[in-house]
Amino acid sequence: IVSGLVFTVLSVPLLDAWGAWDEYISDGISYLLGLNDGVKEKEEDEVVVLSQVLVHRENLGYDKYAAMHLTKVNGVRVRNLRHLEGLIDDCCAGEEGGGKDVGGFMRFQFAPHDTTIVLECSNVERVTEEVCLEQSIAKPSFFLHDATRDHDDNDNDDDDDATNEGEVDGASAILADDEPTVSSISTSSPNGVNTTQ
């Protein structure tokens with residue numbers, strides 16, 4: 001998420017959610033269908049798309065955009081989500097004097113209609129935090145291997161392992177003593193009436 005712009009990787013479930021196999025589809029969705037089956041130049045290449053725009057006063061007018069292929073950020077071709085994250089970080093660092101000079105703006109270019117979205121670099125972090133807070137989103141970007149790395153980092157702490165093992169053993173003992181029996185399981189029927197078996 002960047003100032004309310006939600007980026008993700010093109011996938012079959014996403015295309016299905018956008019109605020790609022319905023009787024009538026837009027030319028934008030038709031374009032994305034062609035990309036889904038396309039050949040990658042490099043193994044790590046992904047088709048990055050703008051999934052939706054979460055409305056904020058700083059991105060008004062852009063909320064109508066969705067289902068568009070992100071091709072470039074400030075003239076640099078986007079290869080995958082990781083690369084996009086790096087380009088955004090470079091742009092924001094450039095605003096603070098540490099990265100590329102982009103004139104204070106990020107320019108996102110999309111296909112197939114050559115649409116451009118422009119965001120002011122100085123507002124990106126603040127707007128992203130506000131959008132995430134408004135939408136109850138804990139973290140503006142999430143990559144699966146980040147969660148795996150966090151889990152692996154926790155496994156490498158010897159002090160934490162000893163504590164966690166004791167907690168797990170204690171939790172297992174509690175579950176073993178308090179396991180529900182078939183006679184005490186409560187279920188809900190389709191008409192909303194709770195039943196106890």
# chains A, B, ... in the order shown; residues from 1 in each chain; ligands from 1
call {"tool": "closest_atom_pairs", "arguments": {"of": "segment 63-128 of chain A", "to": "segment 8-27 of chain A", "cutoff": "12 Å", "atoms": "only C-alpha atoms", "output": "Markdown table"}}
result
| residue | atom | partner | partner_atom | distance |
| --- | --- | --- | --- | --- |
| A:Ala66 | CA | A:Trp18 | CA | 9.7 |
| A:Ala67 | CA | A:Trp18 | CA | 7.8 |
| A:Met68 | CA | A:Leu10 | CA | 9.8 |
| A:His69 | CA | A:Leu10 | CA | 8.5 |
| A:Leu70 | CA | A:Thr8 | CA | 9.8 |
| A:Val78 | CA | A:Val9 | CA | 11.6 |
| A:Arg79 | CA | A:Val9 | CA | 10.8 |
| A:Asn80 | CA | A:Val9 | CA | 7.8 |
| A:Leu81 | CA | A:Thr8 | CA | 7.1 |
| A:Arg82 | CA | A:Thr8 | CA | 10.6 |
| A:Leu84 | CA | A:Thr8 | CA | 10.3 |
| A:Glu85 | CA | A:Thr8 | CA | 11.3 |
| A:Ala111 | CA | A:Asp27 | CA | 10.9 |
| A:Pro112 | CA | A:Asp27 | CA | 8.4 |
| A:His113 | CA | A:Asp27 | CA | 9.7 |
call {"tool": "closest_residue", "arguments": {"among": "A:Val76, A:Leu5, A:Cys121, A:Leu60", "to": "Pro140 of chain A", "atoms": "only C-alpha atoms"}}
result
A:Leu5
call {"tool": "closest_residue", "arguments": {"among": "A:Val47, A:Ala138, A:Ala93, A:His56", "to": "Gly34 of chain A", "atoms": "only C-alpha atoms"}}
result
A:Val47
call {"tool": "closest_residue", "arguments": {"among": "A:Ser30, A:Asn36, A:Gln52, A:Gln135", "to": "Phe7 of chain A", "atoms": "only C-alpha atoms"}}
result
A:Gln52
call {"tool": "select_by_dssp", "arguments": {"residues": "segment 16-134 of chain A", "states": "strand (DSSP E or B)", "output": "number ranges by chain"}}
result
A: 48-53, 68-73, 76-77, 105-111, 115-120
call {"tool": "residues_around", "arguments": {"residues": "Val127 of chain A", "least_positions_apart": "3", "cutoff": "8 Å", "atoms": "only C-alpha atoms", "output": "PyMOL selection string"}}
result
chain A and resi 3-4+56+58+123-124+130-131
call {"tool": "write_last_selection", "arguments": {"atoms": "all heavy atoms", "output": "PDB file, in the first residue's frame"}}
result
ATOM      1  N   SER A   3       0.208   5.294  -0.133  1.00  0.00           N
ATOM      2  CA  SER A   3      -0.762   6.398  -0.141  1.00  0.00           C
ATOM      3  C   SER A   3      -2.146   5.933  -0.575  1.00  0.00           C
ATOM      4  O   SER A   3      -2.856   6.628  -1.296  1.00  0.00           O
ATOM      5  CB  SER A   3      -0.283   7.535  -1.038  1.00  0.00           C
ATOM      6  OG  SER A   3       0.836   8.158  -0.491  1.00  0.00           O
ATOM      7  N   GLY A   4      -2.528   4.725  -0.193  1.00  0.00           N
ATOM      8  CA  GLY A   4      -3.843   4.182  -0.526  1.00  0.00           C
ATOM      9  C   GLY A   4      -3.881   3.348  -1.785  1.00  0.00           C
ATOM     10  O   GLY A   4      -4.863   2.665  -2.049  1.00  0.00           O
ATOM     11  N   HIS A  56      -8.502   8.458   0.221  1.00  0.00           N
ATOM     12  CA  HIS A  56      -7.920   9.400   1.173  1.00  0.00           C
ATOM     13  C   HIS A  56      -7.954  10.760   0.485  1.00  0.00           C
ATOM     14  O   HIS A  56      -7.913  10.835  -0.750  1.00  0.00           O
ATOM     15  CB  HIS A  56      -6.492   8.984   1.521  1.00  0.00           C
ATOM     16  CG  HIS A  56      -5.870   9.798   2.608  1.00  0.00           C
ATOM     17  ND1 HIS A  56      -5.266  11.012   2.369  1.00  0.00           N
ATOM     18  CD2 HIS A  56      -5.764   9.581   3.934  1.00  0.00           C
ATOM     19  CE1 HIS A  56      -4.802  11.503   3.508  1.00  0.00           C
ATOM     20  NE2 HIS A  56      -5.097  10.656   4.475  1.00  0.00           N
ATOM     21  N   GLU A  58      -5.725  12.791  -0.053  1.00  0.00           N
ATOM     22  CA  GLU A  58      -4.523  13.005  -0.870  1.00  0.00           C
ATOM     23  C   GLU A  58      -4.557  12.235  -2.181  1.00  0.00           C
ATOM     24  O   GLU A  58      -3.731  12.491  -3.060  1.00  0.00           O
ATOM     25  CB  GLU A  58      -3.264  12.600  -0.079  1.00  0.00           C
ATOM     26  CG  GLU A  58      -3.002  13.424   1.146  1.00  0.00           C
ATOM     27  CD  GLU A  58      -2.488  14.829   0.852  1.00  0.00           C
ATOM     28  OE1 GLU A  58      -1.920  15.048  -0.241  1.00  0.00           O
ATOM     29  OE2 GLU A  58      -2.677  15.705   1.712  1.00  0.00           O
ATOM     30  N   ASN A 123       4.500  13.325   1.273  1.00  0.00           N
ATOM     31  CA  ASN A 123       3.263  12.918   1.939  1.00  0.00           C
ATOM     32  C   ASN A 123       3.062  11.408   2.011  1.00  0.00           C
ATOM     33  O   ASN A 123       2.161  10.941   2.692  1.00  0.00           O
ATOM     34  CB  ASN A 123       2.049  13.526   1.226  1.00  0.00           C
ATOM     35  CG  ASN A 123       2.013  15.026   1.327  1.00  0.00           C
ATOM     36  OD1 ASN A 123       2.537  15.612   2.272  1.00  0.00           O
ATOM     37  ND2 ASN A 123       1.401  15.663   0.341  1.00  0.00           N
ATOM     38  N   VAL A 124       3.877  10.643   1.292  1.00  0.00           N
ATOM     39  CA  VAL A 124       3.635   9.204   1.139  1.00  0.00           C
ATOM     40  C   VAL A 124       3.579   8.475   2.476  1.00  0.00           C
ATOM     41  O   VAL A 124       2.633   7.729   2.740  1.00  0.00           O
ATOM     42  CB  VAL A 124       4.685   8.564   0.205  1.00  0.00           C
ATOM     43  CG1 VAL A 124       4.639   7.048   0.284  1.00  0.00           C
ATOM     44  CG2 VAL A 124       4.449   9.014  -1.221  1.00  0.00           C
ATOM     45  N   GLU A 130      -2.032   6.894   7.626  1.00  0.00           N
ATOM     46  CA  GLU A 130      -3.427   7.287   7.861  1.00  0.00           C
ATOM     47  C   GLU A 130      -4.399   6.308   7.196  1.00  0.00           C
ATOM     48  O   GLU A 130      -5.397   5.920   7.794  1.00  0.00           O
ATOM     49  CB  GLU A 130      -3.668   8.714   7.362  1.00  0.00           C
ATOM     50  CG  GLU A 130      -3.004   9.779   8.211  1.00  0.00           C
ATOM     51  CD  GLU A 130      -3.157  11.183   7.647  1.00  0.00           C
ATOM     52  OE1 GLU A 130      -3.873  11.377   6.629  1.00  0.00           O
ATOM     53  OE2 GLU A 130      -2.547  12.107   8.224  1.00  0.00           O
ATOM     54  N   VAL A 131      -4.098   5.917   5.966  1.00  0.00           N
ATOM     55  CA  VAL A 131      -4.962   4.967   5.249  1.00  0.00           C
ATOM     56  C   VAL A 131      -5.000   3.633   5.987  1.00  0.00           C
ATOM     57  O   VAL A 131      -6.073   3.053   6.187  1.00  0.00           O
ATOM     58  CB  VAL A 131      -4.489   4.778   3.789  1.00  0.00           C
ATOM     59  CG1 VAL A 131      -5.152   3.565   3.148  1.00  0.00           C
ATOM     60  CG2 VAL A 131      -4.756   6.025   2.977  1.00  0.00           C
TER      61      VAL A 131
END
call {"tool": "closest_residue", "arguments": {"among": "A:Arg77, A:Asn59, A:Gly28, A:Ile88", "to": "Asp45 of chain A", "atoms": "only C-alpha atoms"}}
result
A:Arg77
call {"tool": "select_by_dssp", "arguments": {"residues": "segment 23-119 of chain A", "states": "helix (DSSP H, G or I)", "output": "VMD selection string"}}
result
chain A and resid 27 to 36 57 to 59 81 to 95
call {"tool": "write_last_selection", "arguments": {"atoms": "N, CA and C atoms", "output": "mmCIF file, in the first residue's frame"}}
result
data_model
loop_
_atom_site.group_PDB
_atom_site.id
_atom_site.type_symbol
_atom_site.label_atom_id
_atom_site.label_comp_id
_atom_site.auth_asym_id
_atom_site.auth_seq_id
_atom_site.Cartn_x
_atom_site.Cartn_y
_atom_site.Cartn_z
ATOM 1 N N ASP A 27 -11.576 -4.068 -21.842
ATOM 2 C CA ASP A 27 -10.312 -4.253 -22.548
ATOM 3 C C ASP A 27 -9.134 -4.293 -21.573
ATOM 4 N N GLY A 28 -9.253 -3.634 -20.412
ATOM 5 C CA GLY A 28 -8.214 -3.680 -19.391
ATOM 6 C C GLY A 28 -8.045 -5.083 -18.827
ATOM 7 N N ILE A 29 -9.155 -5.747 -18.522
ATOM 8 C CA ILE A 29 -9.112 -7.122 -18.009
ATOM 9 C C ILE A 29 -8.631 -8.070 -19.098
ATOM 10 N N SER A 30 -9.056 -7.831 -20.325
ATOM 11 C CA SER A 30 -8.596 -8.656 -21.441
ATOM 12 C C SER A 30 -7.076 -8.544 -21.581
ATOM 13 N N TYR A 31 -6.549 -7.330 -21.438
ATOM 14 C CA TYR A 31 -5.103 -7.104 -21.487
ATOM 15 C C TYR A 31 -4.400 -7.899 -20.376
ATOM 16 N N LEU A 32 -4.948 -7.857 -19.157
ATOM 17 C CA LEU A 32 -4.351 -8.579 -18.029
ATOM 18 C C LEU A 32 -4.403 -10.092 -18.236
ATOM 19 N N LEU A 33 -5.479 -10.580 -18.843
ATOM 20 C CA LEU A 33 -5.565 -12.014 -19.159
ATOM 21 C C LEU A 33 -4.404 -12.439 -20.058
ATOM 22 N N GLY A 34 -4.076 -11.607 -21.027
ATOM 23 C CA GLY A 34 -2.956 -11.905 -21.914
ATOM 24 C C GLY A 34 -1.631 -11.917 -21.174
ATOM 25 N N LEU A 35 -1.475 -11.008 -20.206
ATOM 26 C CA LEU A 35 -0.240 -10.955 -19.418
ATOM 27 C C LEU A 35 -0.099 -12.155 -18.506
ATOM 28 N N ASN A 36 -1.219 -12.675 -18.025
ATOM 29 C CA ASN A 36 -1.183 -13.797 -17.088
ATOM 30 C C ASN A 36 -0.509 -15.015 -17.697
ATOM 31 N N ARG A 57 -7.973 11.828 1.243
ATOM 32 C CA ARG A 57 -8.051 13.160 0.630
ATOM 33 C C ARG A 57 -6.848 13.454 -0.267
ATOM 34 N N GLU A 58 -5.725 12.791 -0.053
ATOM 35 C CA GLU A 58 -4.523 13.005 -0.870
ATOM 36 C C GLU A 58 -4.557 12.235 -2.181
ATOM 37 N N ASN A 59 -5.452 11.260 -2.334
ATOM 38 C CA ASN A 59 -5.513 10.498 -3.587
ATOM 39 C C ASN A 59 -6.884 10.617 -4.269
ATOM 40 N N LEU A 81 7.113 -7.161 -7.062
ATOM 41 C CA LEU A 81 6.701 -6.377 -5.885
ATOM 42 C C LEU A 81 7.891 -5.919 -5.052
ATOM 43 N N ARG A 82 8.876 -6.766 -4.874
ATOM 44 C CA ARG A 82 10.092 -6.394 -4.119
ATOM 45 C C ARG A 82 10.779 -5.208 -4.771
ATOM 46 N N HIS A 83 10.891 -5.269 -6.098
ATOM 47 C CA HIS A 83 11.520 -4.178 -6.840
ATOM 48 C C HIS A 83 10.714 -2.897 -6.662
ATOM 49 N N LEU A 84 9.396 -2.997 -6.717
ATOM 50 C CA LEU A 84 8.528 -1.833 -6.498
ATOM 51 C C LEU A 84 8.777 -1.231 -5.123
ATOM 52 N N GLU A 85 8.865 -2.069 -4.113
ATOM 53 C CA GLU A 85 9.125 -1.576 -2.758
ATOM 54 C C GLU A 85 10.450 -0.813 -2.711
ATOM 55 N N GLY A 86 11.471 -1.341 -3.369
ATOM 56 C CA GLY A 86 12.768 -0.664 -3.418
ATOM 57 C C GLY A 86 12.699 0.665 -4.145
ATOM 58 N N LEU A 87 11.956 0.720 -5.259
ATOM 59 C CA LEU A 87 11.804 1.969 -6.006
ATOM 60 C C LEU A 87 11.104 3.031 -5.166
ATOM 61 N N ILE A 88 10.093 2.608 -4.436
ATOM 62 C CA ILE A 88 9.362 3.545 -3.572
ATOM 63 C C ILE A 88 10.269 4.040 -2.452
ATOM 64 N N ASP A 89 11.022 3.117 -1.840
ATOM 65 C CA ASP A 89 11.967 3.513 -0.785
ATOM 66 C C ASP A 89 13.000 4.498 -1.316
ATOM 67 N N ASP A 90 13.521 4.248 -2.530
ATOM 68 C CA ASP A 90 14.487 5.164 -3.143
ATOM 69 C C ASP A 90 13.883 6.548 -3.355
ATOM 70 N N CYS A 91 12.646 6.584 -3.834
ATOM 71 C CA CYS A 91 11.985 7.871 -4.069
ATOM 72 C C CYS A 91 11.801 8.637 -2.766
ATOM 73 N N CYS A 92 11.341 7.941 -1.734
ATOM 74 C CA CYS A 92 11.115 8.594 -0.444
ATOM 75 C C CYS A 92 12.438 9.016 0.183
ATOM 76 N N ALA A 93 13.486 8.200 0.041
ATOM 77 C CA ALA A 93 14.803 8.560 0.564
ATOM 78 C C ALA A 93 15.366 9.746 -0.205
ATOM 79 N N GLY A 94 15.077 9.826 -1.503
ATOM 80 C CA GLY A 94 15.524 10.950 -2.319
ATOM 81 C C GLY A 94 14.939 12.249 -1.830
ATOM 82 N N GLU A 95 13.700 12.189 -1.338
ATOM 83 C CA GLU A 95 13.046 13.377 -0.788
ATOM 84 C C GLU A 95 13.782 13.847 0.462
#
call {"tool": "closest_residue", "arguments": {"among": "A:Thr128, A:Ser141, A:Ser136, A:Asn74", "to": "Val2 of chain A", "atoms": "only C-alpha atoms"}}
result
A:Thr128
